[in-house]
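Engineer: Compact mmCIF, C-alpha atoms, saved as model17.txt, coming up:
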```
# COMPACT_ATOMS: atom_id res chain seq x y z
CA MET A 50 45.60 80.24 87.74
CA ASP A 51 45.41 81.41 91.36
CA ALA A 52 43.22 84.29 92.62
CA LYS A 53 46.18 86.66 92.88
CA SER A 54 47.14 86.09 89.23
CA GLN A 55 43.52 86.50 88.10
CA ASN A 56 43.23 89.74 90.06
CA GLY A 57 46.39 91.06 88.41
CA GLN A 58 45.04 90.14 84.98
CA ASN A 59 41.71 91.86 85.71
CA GLU A 60 43.50 95.01 86.83
CA ARG A 61 45.66 94.97 83.68
CA GLN A 62 42.57 94.62 81.48
CA GLN A 63 41.11 97.77 83.06
CA LEU A 64 44.27 99.79 82.42
CA THR A 65 44.36 101.18 78.91
CA HIS A 66 48.14 101.25 78.56
CA PHE A 67 48.41 97.45 78.27
CA ASN A 68 47.75 95.42 75.15
CA GLU A 69 46.17 91.96 74.99
CA GLN A 70 49.57 90.42 75.86
CA GLY A 71 49.95 92.57 78.96
CA ARG A 72 52.63 94.70 77.34
CA ALA A 73 52.78 98.47 77.30
CA ARG A 74 51.12 100.31 74.45
CA MET A 75 50.20 103.84 73.47
CA VAL A 76 46.43 104.17 73.62
CA ASP A 77 44.66 104.69 70.29
CA ILE A 78 42.70 107.94 70.62
CA SER A 79 41.72 108.26 66.96
CA GLY A 80 38.01 107.63 67.67
CA LYS A 81 37.75 110.16 70.49
CA GLU A 82 36.17 113.58 70.07
CA VAL A 83 38.15 116.78 70.24
CA THR A 84 37.23 118.73 73.39
CA VAL A 85 38.75 121.53 75.43
CA ARG A 86 41.00 120.01 78.08
CA THR A 87 42.65 121.76 81.01
CA ALA A 88 44.82 120.67 83.90
CA VAL A 89 46.31 122.46 86.88
CA ALA A 90 49.27 121.04 88.80
CA GLN A 91 51.05 122.36 91.84
CA SER A 92 54.41 121.87 93.46
CA LYS A 93 56.28 123.35 96.39
CA ILE A 94 59.91 123.91 97.28
CA THR A 95 60.92 124.28 100.91
CA MET A 96 64.15 126.18 101.47
CA ASN A 97 65.95 128.44 103.89
CA GLU A 98 64.44 131.88 104.28
CA ALA A 99 67.66 133.45 102.94
CA THR A 100 67.38 131.40 99.74
CA LEU A 101 63.77 132.44 99.22
CA GLN A 102 64.65 136.09 99.84
CA ALA A 103 67.52 135.91 97.31
CA ILE A 104 65.15 134.47 94.70
CA LYS A 105 62.60 137.22 95.34
CA ALA A 106 65.27 139.95 95.34
CA GLY A 107 66.85 138.66 92.13
CA THR A 108 70.27 138.32 93.73
CA VAL A 109 70.99 134.68 92.89
CA GLY A 110 74.25 134.56 90.92
CA LYS A 111 72.81 132.56 87.99
CA GLY A 112 70.19 135.19 87.18
CA ASP A 113 66.42 135.64 87.45
CA VAL A 114 65.47 132.27 88.94
CA LEU A 115 61.72 132.54 88.45
CA ALA A 116 61.98 133.76 84.84
CA VAL A 117 64.29 130.90 83.88
CA ALA A 118 62.18 128.35 85.79
CA GLN A 119 59.05 129.62 84.06
CA VAL A 120 60.57 129.13 80.61
CA ALA A 121 61.85 125.67 81.63
CA GLY A 122 58.37 124.69 82.79
CA ILE A 123 56.76 125.83 79.56
CA GLN A 124 59.36 123.92 77.53
CA ALA A 125 58.74 120.83 79.66
CA ALA A 126 54.99 120.99 79.08
CA LYS A 127 55.58 121.20 75.33
CA ARG A 128 58.00 118.25 75.37
CA THR A 129 56.22 115.92 77.81
CA SER A 130 55.75 113.18 75.22
CA ASP A 131 59.55 113.07 74.82
CA TRP A 132 59.88 112.20 78.52
CA ILE A 133 56.82 110.09 79.29
CA PRO A 134 56.76 107.15 76.85
CA MET A 135 53.00 106.61 76.53
CA CYS A 136 52.01 110.29 76.32
CA HIS A 137 50.70 111.59 73.03
CA PRO A 138 52.35 114.69 71.58
CA LEU A 139 49.78 117.44 72.01
CA PRO A 140 49.31 120.86 70.45
CA LEU A 141 49.07 122.95 73.61
CA THR A 142 47.02 126.12 73.32
CA GLY A 143 48.23 127.62 76.58
CA VAL A 144 50.65 127.15 79.47
CA ASN A 145 50.73 129.53 82.43
CA ILE A 146 53.04 129.24 85.43
CA THR A 147 52.60 131.36 88.54
CA PHE A 148 54.56 131.62 91.77
CA ALA A 149 53.63 132.49 95.34
CA ASP A 150 55.39 132.07 98.69
CA ASN A 151 54.68 132.14 102.39
CA GLY A 152 57.34 134.80 103.03
CA GLU A 153 59.46 132.39 105.04
CA ARG A 154 60.55 129.03 103.59
CA GLU A 155 58.05 127.84 100.99
CA LEU A 156 57.83 128.71 97.30
CA TYR A 157 54.66 127.55 95.53
CA ILE A 158 54.37 126.73 91.84
CA GLU A 159 51.09 126.47 89.95
CA VAL A 160 50.90 125.38 86.32
CA SER A 161 47.81 125.62 84.11
CA VAL A 162 47.82 123.84 80.75
CA LYS A 163 45.16 123.92 78.04
CA THR A 164 44.54 122.22 74.71
CA GLU A 165 41.76 121.34 72.31
CA GLY A 166 42.36 117.67 71.71
CA LYS A 167 41.45 114.03 72.11
CA THR A 168 43.37 113.39 75.33
CA GLY A 169 44.06 115.27 78.54
CA VAL A 170 46.94 117.47 79.61
CA GLU A 171 47.44 116.21 83.16
CA MET A 172 50.91 114.85 82.40
CA GLU A 173 51.92 118.11 80.72
CA ALA A 174 50.91 120.11 83.80
CA LEU A 175 52.67 117.72 86.19
CA THR A 176 55.81 117.62 84.05
CA ALA A 177 55.89 121.41 83.85
CA ALA A 178 55.49 121.76 87.63
CA SER A 179 58.30 119.27 88.19
CA ALA A 180 60.67 120.88 85.68
CA THR A 181 59.95 124.32 87.13
CA ALA A 182 60.83 123.09 90.62
CA LEU A 183 63.94 121.28 89.42
CA THR A 184 65.14 124.41 87.61
CA ILE A 185 64.72 126.47 90.77
CA TYR A 186 66.74 123.86 92.64
CA ASP A 187 69.44 123.87 89.96
CA MET A 188 69.75 127.64 89.99
CA CYS A 189 69.93 127.83 93.80
CA LYS A 190 71.90 124.69 94.71
CA ALA A 191 75.12 126.70 95.23
CA MET A 192 73.31 128.53 98.05
CA GLN A 193 71.52 125.52 99.49
CA LYS A 194 71.66 121.84 98.65
CA ASP A 195 69.03 120.59 101.09
CA MET A 196 65.98 122.19 99.49
CA ILE A 197 62.96 119.87 99.43
CA ILE A 198 60.75 119.56 96.35
CA GLY A 199 57.18 118.40 96.75
CA PRO A 200 54.59 117.37 96.96
CA THR A 201 53.77 117.74 93.29
CA LEU A 202 50.14 117.00 92.51
CA LEU A 203 47.29 117.39 90.07
CA SER A 204 44.89 119.89 91.59
CA SER A 205 42.25 119.86 88.85
CA LYS A 206 41.41 118.83 85.32
CA THR A 207 38.49 119.42 82.97
CA GLY A 208 37.25 117.74 79.81
CA GLY A 209 37.31 114.26 78.47
CA LYS A 210 35.37 111.06 79.01
CA SER A 211 36.30 110.76 82.70
CA GLY A 212 34.91 114.24 83.40
CA ASP A 213 36.19 116.94 85.68
CA TYR A 214 38.41 116.40 88.71
CA LYS A 215 39.32 118.63 91.64
CA SER A 216 41.62 117.53 94.45
CA LYS A 217 40.37 117.82 97.99
```
Show how you would write the structure in this file as structure tokens.

Structural biologist:
Amino acid sequence: MDAKSQNGQNERQQLTHFNEQGRARMVDISGKEVTVRTAVAQSKITMNEATLQAIKAGTVGKGDVLAVAQVAGIQAAKRTSDWIPMCHPLPLTGVNITFADNGERELYIEVSVKTEGKTGVEMEALTAASATALTIYDMCKAMQKDMIIGPTLLSSKTGGKSGDYKSK
């Protein structure tokens, strides 16, 4: 076996989503302790100023964009394991989505997710931020098709064996 193949095998052994045959698996978390877990994800949508103003004024033809996007994000957080194959279904204890903007072209989304469980909620927060952004795009695409979504990122997480994380 060459060095490149050995390196790939070593990397695979360190990743928990691979079994002994190198195939995907759902990690067994049955032996882990229940702890409070939180995650915060952010996303951004860049758009024309007129589109942002229509969203804020509530004059988009499909309705209250931020209210619908907020519900979509919460639903996405709750259904993350249906979308991401190796995610565990989690009983979320809280999902909060807030919006801010720069008054010109950027709409900011922040999602906070919380649970008491054996695994983290990073994927739930990221999925919710993505679904929220996609819903805003969907509701405003008749006004503007060249909106830009992203970056979407994990800004912080707490709890679990790997400890706390905060992006720089």

Engineer: Just the residues within 8 Å of Leu115 of chain A, please, counting all atoms listed in the file, with nothing from its chain fewer than 3 positions along; format it as a ChimeraX atom specification.

Structural biologist: /A:104,118-119,148,185

Engineer: Atom CA of Gly152 of chain A and atom CA of Glu171 of chain A, how far apart in Å?

Structural biologist: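 Between these atoms lies a distance of 29.0 Å.
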
Engineer: Using only C-alpha atoms, pick whichever of A:Gly112, A:Pro140, A:Gly166, A:Gly208 has the shortest atom-to-atom distance to Ala88 of chain A.

Structural biologist: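 Looking only at the distances to Ala88 of chain A, the closest residue turns out to be A:Gly208.
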
Engineer: Atom CA of Val109 of chain A to atom CA of Met188 of chain A: how many Å, to one decimal?

Structural biologist: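 Rounded to one decimal, the two atoms are 7.7 Å apart.
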
Engineer: Give the answer as one residue: which of A:Ser205, A:Thr168, A:Thr184, A:Thr65 has the shortest atom-to-atom distance to Ile123 of chain A, using only C-alpha atoms?

Structural biologist: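 The answer is A:Thr184, which sits nearest to Ile123 of chain A.
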
Engineer: Find, counting all atoms listed in the file, the residue in A:Lys215, A:Arg72, A:Lys190, A:Lys210 that gets nearest to Arg86 of chain A.

Structural biologist: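 Answer, going by the shortest atom-to-atom distance: A:Lys210.
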
Engineer: Expressed in Å to a single decimal, how great is the separation between atom CA of Ala125 of chain A and atom CA of Met75 of chain A?

Structural biologist: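 Here the two named atoms are 20.0 Å from each other.
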
Engineer: Which residues are near segment 89-97 of chain A? Cut-off 7 Å, all atoms listed in the file, ignore same chain within fewer than 4 positions. Put them as a PyMOL selection string.

Structural biologist: chain A and resi 101+154-162+174-175+178+182+196-206

Engineer: Residues within 10 Å of Val76 of chain A, please, as a CSV table (one decimal) with C-alpha atoms, in the frame of the given file. Count only C-alpha atoms; anything in the same chain fewer than 4 positions from it doesn't count.

Structural biologist:
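Output file selection28.csv follows:
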```csv
chain,number,residue,atom,x,y,z
A,65,THR,CA,44.4,101.2,78.9
A,66,HIS,CA,48.1,101.2,78.6
A,67,PHE,CA,48.4,97.4,78.3
A,68,ASN,CA,47.8,95.4,75.2
A,135,MET,CA,53.0,106.6,76.5
A,136,CYS,CA,52.0,110.3,76.3
A,137,HIS,CA,50.7,111.6,73.0
A,168,THR,CA,43.4,113.4,75.3
```

Engineer: Have a look at A:Gly209, A:Asp150, A:Lys167, A:Gly122 and name the one nearest to Pro138 of chain A; count all atoms listed in the file.

Structural biologist: A:Lys167

Engineer: Taking (46.2, 126.1, 77.6) in the file's coordinates as the center, which residues reach within 8 Å of it, counting all atoms listed in the file, put as a PyMOL selection string?

Structural biologist: chain A and resi 87+141-145+161-164

Engineer: Kindly extract all protein, DNA and RNA residues lying within 9 Å of the coordinates (74.6, 127.2, 86.7) given in the file, considering all atoms listed in the file, and supply them as a list of chain:residue names.

Structural biologist: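 Returned residue set, sorted by chain then number, is A:Gly110, A:Lys111, A:Asp187, A:Met188, A:Cys189, A:Lys190, A:Ala191.
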
Engineer: Could you check which of A:Glu173, A:Asp213, A:Glu82, A:Asp113 is closest to Asp131 of chain A, using only C-alpha atoms?

Structural biologist: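 Among A:Glu173, A:Asp213, A:Glu82, A:Asp113, it is A:Glu173 that comes nearest to Asp131 of chain A.
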